[in-house]
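What follows is target_26.cif (mmCIF, C-alpha atoms).
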data_data
loop_
_atom_site.label_atom_id
_atom_site.label_comp_id
_atom_site.auth_asym_id
_atom_site.auth_seq_id
_atom_site.Cartn_x
_atom_site.Cartn_y
_atom_site.Cartn_z
CA MET A 1 0.00 0.00 0.00
CA LYS A 2 1.52 3.32 -1.10
CA THR A 3 0.71 6.18 1.33
CA ALA A 4 1.42 9.87 1.52
CA ARG A 5 0.07 12.70 3.63
CA LEU A 6 0.20 16.47 3.61
CA GLU A 7 1.07 18.55 6.69
CA ARG A 8 0.49 22.26 7.09
CA THR A 9 3.54 24.27 8.12
CA GLY A 10 4.19 27.94 8.66
CA TYR A 11 5.21 28.18 5.01
CA GLY A 12 2.30 26.35 3.45
CA MET A 13 1.56 22.72 2.65
CA LYS A 14 4.42 20.26 2.84
CA GLY A 15 4.34 16.75 1.43
CA VAL A 16 5.34 13.97 3.82
CA ILE A 17 5.85 10.66 2.08
CA ASN A 18 5.95 7.26 3.69
CA SER A 19 9.44 5.82 3.34
CA ASN A 20 8.13 2.48 2.04
CA ILE A 21 6.63 4.10 -1.07
CA ARG A 22 8.19 2.75 -4.30
CA GLY A 23 7.28 2.74 -8.00
CA CYS A 24 6.50 5.14 -10.65
CA CYS A 25 4.51 8.36 -10.25
CA LEU A 26 4.85 10.41 -7.03
CA VAL A 27 3.54 13.92 -6.44
CA LEU A 28 5.90 16.23 -4.61
CA CYS A 29 5.03 19.71 -3.49
CA LEU A 30 7.66 22.40 -3.65
CA VAL A 31 7.40 25.19 -1.11
CA PHE A 32 8.26 28.61 -2.41
CA ALA A 33 7.11 31.87 -0.79
CA GLY A 34 4.02 30.23 0.58
CA ALA A 35 2.98 28.73 -2.81
CA VAL A 36 2.76 25.05 -3.74
CA TRP A 37 4.16 24.00 -7.25
CA PRO A 38 3.61 20.36 -8.25
CA VAL A 39 6.33 18.61 -10.34
CA GLN A 40 5.95 15.07 -11.68
CA VAL A 41 8.95 12.79 -11.24
CA TYR A 42 9.00 9.13 -12.32
CA GLY A 43 11.09 6.64 -10.32
CA GLY A 44 14.71 7.10 -9.23
CA GLY A 45 18.33 6.28 -10.30
CA VAL A 46 18.78 7.19 -13.96
CA VAL A 47 17.44 10.70 -14.75
CA ILE A 48 15.98 11.57 -18.15
CA THR A 49 15.25 15.28 -18.55
CA VAL A 50 13.21 16.04 -21.66
CA LYS A 51 13.63 19.47 -23.24
CA ALA A 52 10.63 21.59 -24.16
CA ASP A 53 11.83 22.06 -27.74
CA SER A 54 14.49 20.38 -29.84
CA LEU A 55 15.98 20.35 -33.34
CA VAL A 56 16.40 16.94 -34.98
CA SER A 57 17.84 15.86 -38.33
CA GLY A 58 16.89 12.20 -38.82
CA GLU A 59 13.69 10.63 -40.11
CA GLU A 60 12.89 9.26 -36.62
CA ILE A 61 12.82 11.15 -33.33
CA LEU A 62 15.17 9.47 -30.84
CA LEU A 63 15.16 10.05 -27.10
CA LYS A 64 18.72 11.39 -27.23
CA ASP A 65 17.53 14.08 -29.67
CA VAL A 66 15.08 15.58 -27.17
CA ALA A 67 16.44 14.72 -23.71
CA VAL A 68 19.49 14.91 -21.45
CA ILE A 69 20.16 11.40 -20.14
CA GLU A 70 22.07 11.05 -16.89
CA ALA A 71 23.30 7.46 -16.90
CA ASP A 72 26.43 5.41 -17.36
CA GLY A 73 27.93 5.29 -20.91
CA LEU A 74 26.40 2.21 -22.53
CA GLU A 75 23.14 2.57 -20.64
CA ALA A 76 22.84 6.20 -21.74
CA GLN A 77 23.59 5.17 -25.33
CA ALA A 78 20.94 2.44 -25.28
CA LEU A 79 18.30 4.71 -23.76
CA GLY A 80 19.15 7.46 -26.23
CA ASN A 81 18.25 5.19 -29.16
CA ILE A 82 14.66 4.68 -28.00
CA GLY A 83 12.43 5.80 -30.90
CA LEU A 84 9.62 8.27 -30.20
CA GLY A 85 8.01 8.30 -33.65
CA ASN A 86 8.54 9.84 -37.07
CA SER A 87 10.15 13.23 -37.41
CA PRO A 88 8.20 16.03 -39.12
CA LYS A 89 9.04 17.00 -42.68
CA PRO A 90 12.25 19.04 -43.05
CA GLY A 91 11.70 22.57 -41.78
CA LYS A 92 8.39 21.63 -40.08
CA ILE A 93 7.44 21.35 -36.38
CA LYS A 94 5.40 18.75 -34.50
CA TYR A 95 4.76 18.11 -30.81
CA VAL A 96 4.60 15.04 -28.62
CA ASP A 97 2.38 14.92 -25.51
CA LYS A 98 4.08 14.17 -22.22
CA ASP A 99 1.88 11.14 -21.47
CA ARG A 100 2.61 9.57 -24.85
CA LEU A 101 6.33 10.22 -24.60
CA VAL A 102 6.55 8.78 -21.06
CA ARG A 103 4.48 5.76 -22.07
CA ILE A 104 6.76 5.03 -25.05
CA VAL A 105 9.93 5.32 -23.00
CA GLN A 106 8.64 3.28 -20.06
CA SER A 107 7.40 0.52 -22.36
CA SER A 108 10.90 -0.07 -23.69
CA ARG A 109 12.53 -3.28 -22.44
CA ILE A 110 15.73 -1.41 -21.60
CA PHE A 111 14.02 1.22 -19.40
CA PRO A 112 15.39 0.87 -15.82
CA GLU A 113 12.80 0.25 -13.11
CA LYS A 114 13.87 3.20 -10.94
CA ALA A 115 14.66 5.69 -13.75
CA GLN A 116 13.27 9.21 -13.41
CA ILE A 117 11.65 11.11 -16.28
CA VAL A 118 11.21 14.87 -16.05
CA CYS A 119 9.07 16.08 -18.94
CA PRO A 120 7.05 19.20 -19.90
CA ASP A 121 3.41 18.81 -20.92
CA ARG A 122 4.34 19.14 -24.59
CA VAL A 123 7.61 18.53 -26.38
CA TYR A 124 8.06 20.50 -29.61
CA VAL A 125 10.32 19.03 -32.28
CA LYS A 126 11.55 20.79 -35.42
CA ARG A 127 13.37 18.92 -38.16
CA ALA A 128 16.44 20.59 -39.61
CA GLY A 129 16.46 21.10 -43.37
CA GLN A 130 18.24 22.73 -46.27
CA THR A 131 17.15 24.47 -49.44
CA LEU A 132 18.70 24.44 -52.88
CA ASP A 133 21.03 27.34 -53.57
CA ARG A 134 20.10 28.81 -56.96
CA GLU A 135 23.79 29.04 -57.84
CA VAL A 136 24.10 25.26 -57.36
CA VAL A 137 21.32 24.69 -59.90
CA VAL A 138 22.79 27.21 -62.35
CA SER A 139 26.21 25.56 -62.05
CA ARG A 140 24.71 22.13 -62.76
CA VAL A 141 22.84 23.46 -65.81
CA GLU A 142 26.05 25.07 -67.10
CA GLU A 143 27.80 21.69 -66.81
CA LEU A 144 25.06 20.07 -68.91
CA LEU A 145 25.26 22.81 -71.54
CA LYS A 146 29.04 22.50 -71.67
CA ASP A 147 28.70 18.79 -72.47
CA ARG A 148 25.84 19.34 -74.91
CA PHE A 149 27.58 22.08 -76.91
CA MET A 150 31.13 20.70 -76.54
CA ASN A 151 32.61 23.83 -74.92
CA ARG A 152 31.10 26.24 -77.47
CA THR A 153 30.09 29.69 -76.18
CA VAL A 154 26.61 29.24 -74.71
CA GLU A 155 24.98 31.72 -72.35
CA ILE A 156 21.90 31.31 -70.14
CA GLU A 157 19.55 34.22 -70.88
CA GLU A 158 16.62 33.19 -68.65
CA LEU A 159 16.21 30.53 -65.95
CA SER A 160 13.29 29.63 -63.69
CA ILE A 161 13.19 26.84 -61.09
CA ARG A 162 9.96 25.20 -59.92
CA GLY A 163 9.33 22.55 -57.28
CA ASP A 164 12.10 23.69 -54.92
CA GLU A 165 11.36 22.90 -51.25
CA THR A 166 13.11 22.14 -47.96
CA TYR A 167 15.14 18.92 -47.99
CA PRO A 168 16.75 16.83 -45.23
CA VAL A 169 20.27 17.75 -44.18
CA GLY A 170 23.11 15.82 -45.79
CA ALA A 171 25.20 15.71 -48.95
CA LEU A 172 22.99 17.14 -51.70
CA ASP A 173 23.26 16.33 -55.41
CA LEU A 174 21.25 16.83 -58.60
CA ASP A 175 20.62 14.08 -61.15
CA ALA A 176 19.48 15.38 -64.55
CA GLU A 177 17.43 13.48 -67.11
CA SER A 178 19.35 12.23 -70.13
CA ARG A 179 17.41 13.87 -72.99
CA ASP A 180 18.67 16.96 -74.83
CA PRO A 181 17.77 19.97 -72.64
CA VAL A 182 17.75 22.56 -75.46
CA ASP A 183 15.54 22.64 -78.58
CA GLY A 184 16.30 24.25 -81.93
CA HIS A 185 15.01 27.63 -80.76
CA GLY A 186 17.22 27.84 -77.68
CA ARG A 187 14.44 26.91 -75.24
CA LEU A 188 15.81 25.17 -72.15
CA SER A 189 13.61 22.53 -70.50
CA LEU A 190 14.64 19.73 -68.14
CA SER A 191 13.93 18.05 -64.81
CA MET A 192 16.39 17.10 -62.07
CA ASP A 193 16.01 14.69 -59.17
CA VAL A 194 17.19 16.08 -55.82
CA LEU A 195 19.32 13.53 -53.98
CA VAL A 196 20.36 13.72 -50.32
CA GLU A 197 22.98 11.17 -49.31
CA GLY A 198 22.17 9.39 -52.59
CA LYS A 199 18.44 9.06 -51.82
CA ARG A 200 15.82 10.81 -53.96
CA GLN A 201 13.98 13.48 -51.98
CA GLY A 202 12.05 15.22 -54.75
CA SER A 203 12.56 16.89 -58.12
CA ILE A 204 12.77 20.34 -59.67
CA ARG A 205 11.71 21.61 -63.11
CA ILE A 206 13.91 24.08 -64.96
CA ARG A 207 12.82 26.32 -67.83
CA GLY A 208 14.69 29.08 -69.63
CA MET A 209 16.38 30.37 -72.78
CA VAL A 210 19.97 29.99 -73.92
CA SER A 211 22.01 31.65 -76.66
CA GLU A 212 24.98 30.39 -78.66
CA TYR A 213 27.09 33.27 -79.92
CA VAL A 214 29.52 32.86 -82.80
CA ASP A 215 31.19 34.99 -85.49
CA VAL A 216 29.63 34.30 -88.91
CA VAL A 217 29.82 35.67 -92.43
CA CYS A 218 27.34 38.51 -93.03
CA ALA A 219 26.56 40.94 -95.85
CA ARG A 220 28.55 44.18 -95.47
CA ARG A 221 25.98 46.04 -97.60
CA ASP A 222 22.70 45.39 -99.37
CA LEU A 223 23.30 42.75 -102.05
CA ALA A 224 21.09 42.07 -105.05
CA LYS A 225 20.16 38.72 -106.57
CA ASP A 226 22.70 37.21 -109.00
CA VAL A 227 25.63 39.09 -107.43
CA THR A 228 28.88 37.12 -107.36
CA LEU A 229 30.26 37.60 -103.85
CA SER A 230 33.68 39.13 -103.20
CA GLU A 231 35.50 39.90 -99.93
CA ARG A 232 34.40 43.55 -100.05
CA ASP A 233 30.76 42.39 -99.96
CA LEU A 234 31.24 40.43 -96.72
CA THR A 235 32.12 40.92 -93.04
CA LEU A 236 32.20 38.87 -89.82
CA LYS A 237 29.56 39.57 -87.21
CA ARG A 238 28.73 38.00 -83.82
CA ILE A 239 25.20 36.54 -83.71
CA ASN A 240 23.02 34.14 -81.73
CA LEU A 241 22.72 31.00 -83.85
CA PHE A 242 19.32 30.16 -82.33
CA ASP A 243 17.88 33.23 -84.06
CA PHE A 244 18.41 31.62 -87.48
CA LYS A 245 16.96 28.50 -89.05
CA ASP A 246 19.86 27.80 -91.42
CA LEU A 247 23.45 27.56 -90.19
CA PRO A 248 25.45 30.58 -91.47
CA LEU A 249 28.97 30.25 -92.82
CA LYS A 250 31.87 30.85 -90.43
CA GLU A 251 34.66 31.09 -93.05
CA MET A 252 34.57 33.95 -95.53
CA ASP A 253 36.42 32.03 -98.27
CA ARG A 254 33.48 29.62 -98.49
CA ALA A 255 31.30 32.50 -99.68
CA VAL A 256 33.69 34.37 -101.98
CA GLY A 257 32.93 33.64 -105.63
CA LYS A 258 29.46 32.28 -104.95
CA LEU A 259 26.45 33.57 -106.89
CA LEU A 260 23.51 34.80 -104.80
CA LYS A 261 20.15 33.38 -105.81
CA THR A 262 18.33 35.63 -103.30
CA PRO A 263 19.04 39.23 -102.24
CA ALA A 264 20.65 39.92 -98.84
CA ARG A 265 20.31 43.00 -96.66
CA SER A 266 23.24 44.61 -94.86
CA GLY A 267 24.03 42.58 -91.73
CA ASP A 268 22.19 39.44 -92.86
CA PRO A 269 24.10 36.19 -92.19
CA ILE A 270 25.12 34.31 -95.34
CA ASP A 271 24.31 30.59 -95.51
CA PRO A 272 24.77 28.02 -98.31
CA SER A 273 21.06 27.91 -99.10
CA MET A 274 21.40 31.44 -100.54
CA PHE A 275 23.83 30.37 -103.29
CA LYS A 276 23.19 29.40 -106.88
CA ASN A 277 25.18 26.38 -107.96
CA LEU A 278 27.68 27.39 -110.62
CA PRO A 279 28.48 24.72 -113.20
CA LEU A 280 32.00 23.32 -113.05
CA VAL A 281 31.63 22.26 -116.65
CA GLU A 282 29.78 24.40 -119.17
CA LYS A 283 27.93 23.09 -122.22
CA GLY A 284 30.31 22.67 -125.19
CA GLU A 285 33.50 22.47 -123.12
CA MET A 286 36.12 19.79 -123.67
CA VAL A 287 36.52 17.39 -120.72
CA THR A 288 38.59 14.35 -119.86
CA MET A 289 36.45 11.23 -119.63
CA ILE A 290 37.73 8.61 -117.18
CA ALA A 291 36.38 5.08 -117.06
CA LYS A 292 37.38 2.76 -114.18
CA LYS A 293 36.67 -0.94 -114.11
CA ASP A 294 38.56 -3.41 -111.96
CA TYR A 295 42.22 -2.54 -112.59
CA LEU A 296 41.59 -0.75 -115.90
CA HIS A 297 41.67 3.05 -116.17
CA ILE A 298 40.65 4.37 -119.60
CA ARG A 299 40.98 8.05 -120.52
CA THR A 300 39.50 9.74 -123.58
CA MET A 301 38.27 13.17 -124.54
CA GLY A 302 34.68 14.30 -124.74
CA ILE A 303 32.40 17.31 -125.16
CA ALA A 304 29.89 18.34 -122.47
CA LYS A 305 26.36 18.32 -123.91
CA GLU A 306 25.00 20.39 -120.98
CA ASP A 307 26.15 22.36 -117.96
CA GLY A 308 27.62 20.05 -115.34
CA TYR A 309 27.67 20.61 -111.56
CA GLU A 310 30.03 19.16 -108.98
CA ASN A 311 29.26 15.50 -108.12
CA GLN A 312 26.22 15.52 -110.40
CA LEU A 313 25.57 13.60 -113.63
CA VAL A 314 26.21 15.27 -116.97
CA ALA A 315 25.82 14.07 -120.59
CA VAL A 316 29.14 13.86 -122.47
CA GLU A 317 29.81 12.94 -126.15
CA ASN A 318 32.81 10.69 -126.74
CA ILE A 319 34.86 12.37 -129.51
CA SER A 320 36.26 9.09 -130.79
CA SER A 321 33.01 7.13 -130.99
CA GLY A 322 30.43 9.89 -131.14
CA LYS A 323 28.48 8.05 -128.45
CA VAL A 324 26.76 10.16 -125.73
CA ILE A 325 27.11 8.74 -122.25
CA ARG A 326 26.63 10.06 -118.71
CA GLY A 327 29.27 10.66 -116.07
CA VAL A 328 29.81 12.42 -112.73
CA VAL A 329 31.51 15.82 -112.73
CA ARG A 330 34.55 15.59 -110.43
CA ASP A 331 36.14 18.96 -111.21
CA GLY A 332 36.20 21.59 -113.97
CA THR A 333 37.91 19.28 -116.48
CA THR A 334 37.10 15.72 -115.42
CA VAL A 335 34.01 13.53 -115.82
CA GLU A 336 34.01 10.01 -114.37
CA ILE A 337 31.97 7.55 -116.42
CA VAL A 338 29.50 5.53 -114.35
CA TYR A 339 28.73 1.93 -115.38
#
Kindly return the structure encoded in the file as structure tokens.
Amino acid sequence: MKTARLERTGYGMKGVINSNIRGCCLVLCLVFAGAVWPVQVYGGGVVITVKADSLVSGEEILLKDVAVIEADGLEAQALGNIGLGNSPKPGKIKYVDKDRLVRIVQSSRIFPEKAQIVCPDRVYVKRAGQTLDREVVVSRVEELLKDRFMNRTVEIEELSIRGDETYPVGALDLDAESRDPVDGHGRLSLSMDVLVEGKRQGSIRIRGMVSEYVDVVCARRDLAKDVTLSERDLTLKRINLFDFKDLPLKEMDRAVGKLLKTPARSGDPIDPSMFKNLPLVEKGEMVTMIAKKDYLHIRTMGIAKEDGYENQLVAVENISSGKVIRGVVRDGTTVEIVY
């Protein structure tokens, strides 16, 4: 039988407890300036003092995260690993009622019989977290662009990040999807998984615009159709390639001597689609006809029956036989007969 009685003193009520009382919950009365303040203490020996609020980092709340445990080394370590339930999401707060916390701890098989638990009515727990630094995302995108464009000069013009939230603490990494992140108009679009200690914790979506700047051949002045280009007609100008459908020329000598089939305004990039093909062989010209078969190489002279363009078929009359056959124009004087 557990007994206790209260005696009145000159300072207020004083608790007098029978010395044979053992077990768990006792009510003591503290005397202070004539007032009585009750404090709940559970058992004796090991003392577990639970803090009113704590910061945790793991997925589970452990007793050592929220309490000071006064016990010998291994015993303190074992008690500290008692689980109190799931942690809140990173950056969030939850609370645990005193009765629930005490019940969980006391129900553990390693809880000492005479241990004391001092606990507030509510224990507030906040889980530590981290957020993605925008510069980390930008750096990762730049790495992807560097690989995609093989170190060419590419600049990020716009960048927006969606889906960013608070993540658990730990080593953070970004894993990007494998598809090409940039389309033909310079639009950037990709998703990245957010990894903490190698475990996926969410994903972000990235949208934006990129530019690839390069020096290309452009018209120095307004040029009319059927103009044969010379160096004085051309200049180099830095442009964003994504602004143009066709790839402009980067070397001026590839444009010199070409005949424009469309007009070009001053500053317009020059691309091969703007050129007329000039015949390497003109109708009526003498050409060397070459026939190859196995180890035989036969050469004879012929007359072009039409204009002939590089690597295209042209009709040629054999001077010796008068026979008209077709061959491939290899240069301005040679036609290779095709069997």
Quiz item: Looking at only C-alpha atoms, which of A:Lys98, A:Lys114, A:Lys92, A:Lys293 is the one that sits closest to A:Ala71?
Solution: A:Lys114
Practice problem: Report the residues retrieved by the PyMOL selection byres ((chain A and resi 250-255) around 6) from the displayed file, expressed as a PyMOL selection string. | Solution: chain A and resi 216-217+249+256+258
Exercise. Evaluate the PyMOL selection byres ((chain A and resi 231-237) around 10) on the structure here and hand back the selected residues as an NGL selection string.
Key: :A and (213-223 or 227-230 or 238-239 or 249-253 or 255-257 or 266-270)
Selected residues written out with C-alpha atoms, as a compact mmCIF listing (two decimals), in the frame of the given file:
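Produced file part.txt, reproduced below:
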# COMPACT_ATOMS: atom_id res chain seq x y z
CA TYR A 213 27.09 33.27 -79.92
CA VAL A 214 29.52 32.86 -82.80
CA ASP A 215 31.19 34.99 -85.49
CA VAL A 216 29.63 34.30 -88.91
CA VAL A 217 29.82 35.67 -92.43
CA CYS A 218 27.34 38.51 -93.03
CA ALA A 219 26.56 40.94 -95.85
CA ARG A 220 28.55 44.18 -95.47
CA ARG A 221 25.98 46.04 -97.60
CA ASP A 222 22.70 45.39 -99.37
CA LEU A 223 23.30 42.75 -102.05
CA VAL A 227 25.63 39.09 -107.43
CA THR A 228 28.88 37.12 -107.36
CA LEU A 229 30.26 37.60 -103.85
CA SER A 230 33.68 39.13 -103.20
CA ARG A 238 28.73 38.00 -83.82
CA ILE A 239 25.20 36.54 -83.71
CA LEU A 249 28.97 30.25 -92.82
CA LYS A 250 31.87 30.85 -90.43
CA GLU A 251 34.66 31.09 -93.05
CA MET A 252 34.57 33.95 -95.53
CA ASP A 253 36.42 32.03 -98.27
CA ALA A 255 31.30 32.50 -99.68
CA VAL A 256 33.69 34.37 -101.98
CA GLY A 257 32.93 33.64 -105.63
CA SER A 266 23.24 44.61 -94.86
CA GLY A 267 24.03 42.58 -91.73
CA ASP A 268 22.19 39.44 -92.86
CA PRO A 269 24.10 36.19 -92.19
CA ILE A 270 25.12 34.31 -95.34
Practice problem: Would you mind reading off the distance between atom CA of A:Gln130 and atom CA of A:Ser178, one decimal, in Å? | Solution: 26.1 Å
Excluding same-chain residues fewer than 6 positions from stretch 99-109 of chain A, what lies within 9 Å of it counting all atoms listed in the file, as a compact mmCIF listing (two decimals) with C-alpha atoms, keeping the file's coordinate frame?
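Below is the file that was written, part_19.txt:
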# COMPACT_ATOMS: atom_id res chain seq x y z
CA LEU A 63 15.16 10.05 -27.10
CA LEU A 79 18.30 4.71 -23.76
CA ILE A 82 14.66 4.68 -28.00
CA GLY A 83 12.43 5.80 -30.90
CA LEU A 84 9.62 8.27 -30.20
CA ILE A 117 11.65 11.11 -16.28
CA CYS A 119 9.07 16.08 -18.94
CA ASP A 121 3.41 18.81 -20.92
CA ARG A 122 4.34 19.14 -24.59
CA VAL A 123 7.61 18.53 -26.38
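Here atom CA of A:Val338 and atom CA of A:Val287 stand 15.2 Å from one another.
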Practice problem: Within 7 Å of stretch 189-195 of chain A, counting all atoms listed in the file, which residues show up once you throw out same-chain ones fewer than 5 positions away? Write them as a PyMOL selection string, please. | Solution: chain A and resi 172-177+181-182+200-208
Self-check item: Atomic distance atom CA of A:Glu113 - atom CA of A:Val46, expressed in Å with one decimal
Solution: 9.2 Å
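Using the PyMOL selection byres ((chain A and resi 271) around 8) on the file at hand returns these residues: Asp246, Leu247, Pro248, Leu249, Pro269, Ile270, Pro272, Ser273, Met274 and Phe275 of chain A.
Shortest separation to A:Asn240 among A:Gly284, A:Gly186, A:Pro279, A:Gly58 occurs at residue A:Gly186, atoms counted being all atoms listed in the file.
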Skipping near chain neighbours, those fewer than 2 positions away, what residues fall within 12 Å of A:Val136 using all atoms listed in the file, listed as an mmCIF file with C-alpha atoms, keeping the file's coordinate frame?
data_model
loop_
_atom_site.group_PDB
_atom_site.id
_atom_site.type_symbol
_atom_site.label_atom_id
_atom_site.label_comp_id
_atom_site.auth_asym_id
_atom_site.auth_seq_id
_atom_site.Cartn_x
_atom_site.Cartn_y
_atom_site.Cartn_z
ATOM 1 C CA THR A 131 17.150 24.470 -49.440
ATOM 2 C CA LEU A 132 18.700 24.440 -52.880
ATOM 3 C CA ASP A 133 21.030 27.340 -53.570
ATOM 4 C CA ARG A 134 20.100 28.810 -56.960
ATOM 5 C CA VAL A 138 22.790 27.210 -62.350
ATOM 6 C CA SER A 139 26.210 25.560 -62.050
ATOM 7 C CA ARG A 140 24.710 22.130 -62.760
ATOM 8 C CA VAL A 141 22.840 23.460 -65.810
ATOM 9 C CA GLU A 142 26.050 25.070 -67.100
ATOM 10 C CA GLU A 143 27.800 21.690 -66.810
ATOM 11 C CA ILE A 161 13.190 26.840 -61.090
ATOM 12 C CA LEU A 172 22.990 17.140 -51.700
ATOM 13 C CA ASP A 173 23.260 16.330 -55.410
ATOM 14 C CA LEU A 174 21.250 16.830 -58.600
ATOM 15 C CA VAL A 194 17.190 16.080 -55.820
#
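Near A:Ser57, within 7 Å and counting all atoms listed in the file, sit Arg127, Ala128 and Val169 of chain A; same-chain residues fewer than 4 positions away were not included.
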Can you write just those residues out, C-alpha atoms, as a JSON list (two decimals), keeping the file's coordinate frame?
[["chain", "number", "residue", "atom", "x", "y", "z"],
["A", 127, "ARG", "CA", 13.37, 18.92, -38.16],
["A", 128, "ALA", "CA", 16.44, 20.59, -39.61],
["A", 169, "VAL", "CA", 20.27, 17.75, -44.18]]
Quiz item: Of the candidates A:Gly73, A:Pro112, A:Gly198, A:Gly184, which shows the shortest atom-to-atom distance to A:Pro168, using all atoms listed in the file?
Solution: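 Checking each of A:Gly73, A:Pro112, A:Gly198, A:Gly184 against A:Pro168, counting all atoms listed in the file, the winner is A:Gly198.
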Quiz item: A:His297, A:Arg187, A:Lys225, A:Lys245: which is nearest A:Val210, counting only C-alpha atoms?
Solution: A:Arg187
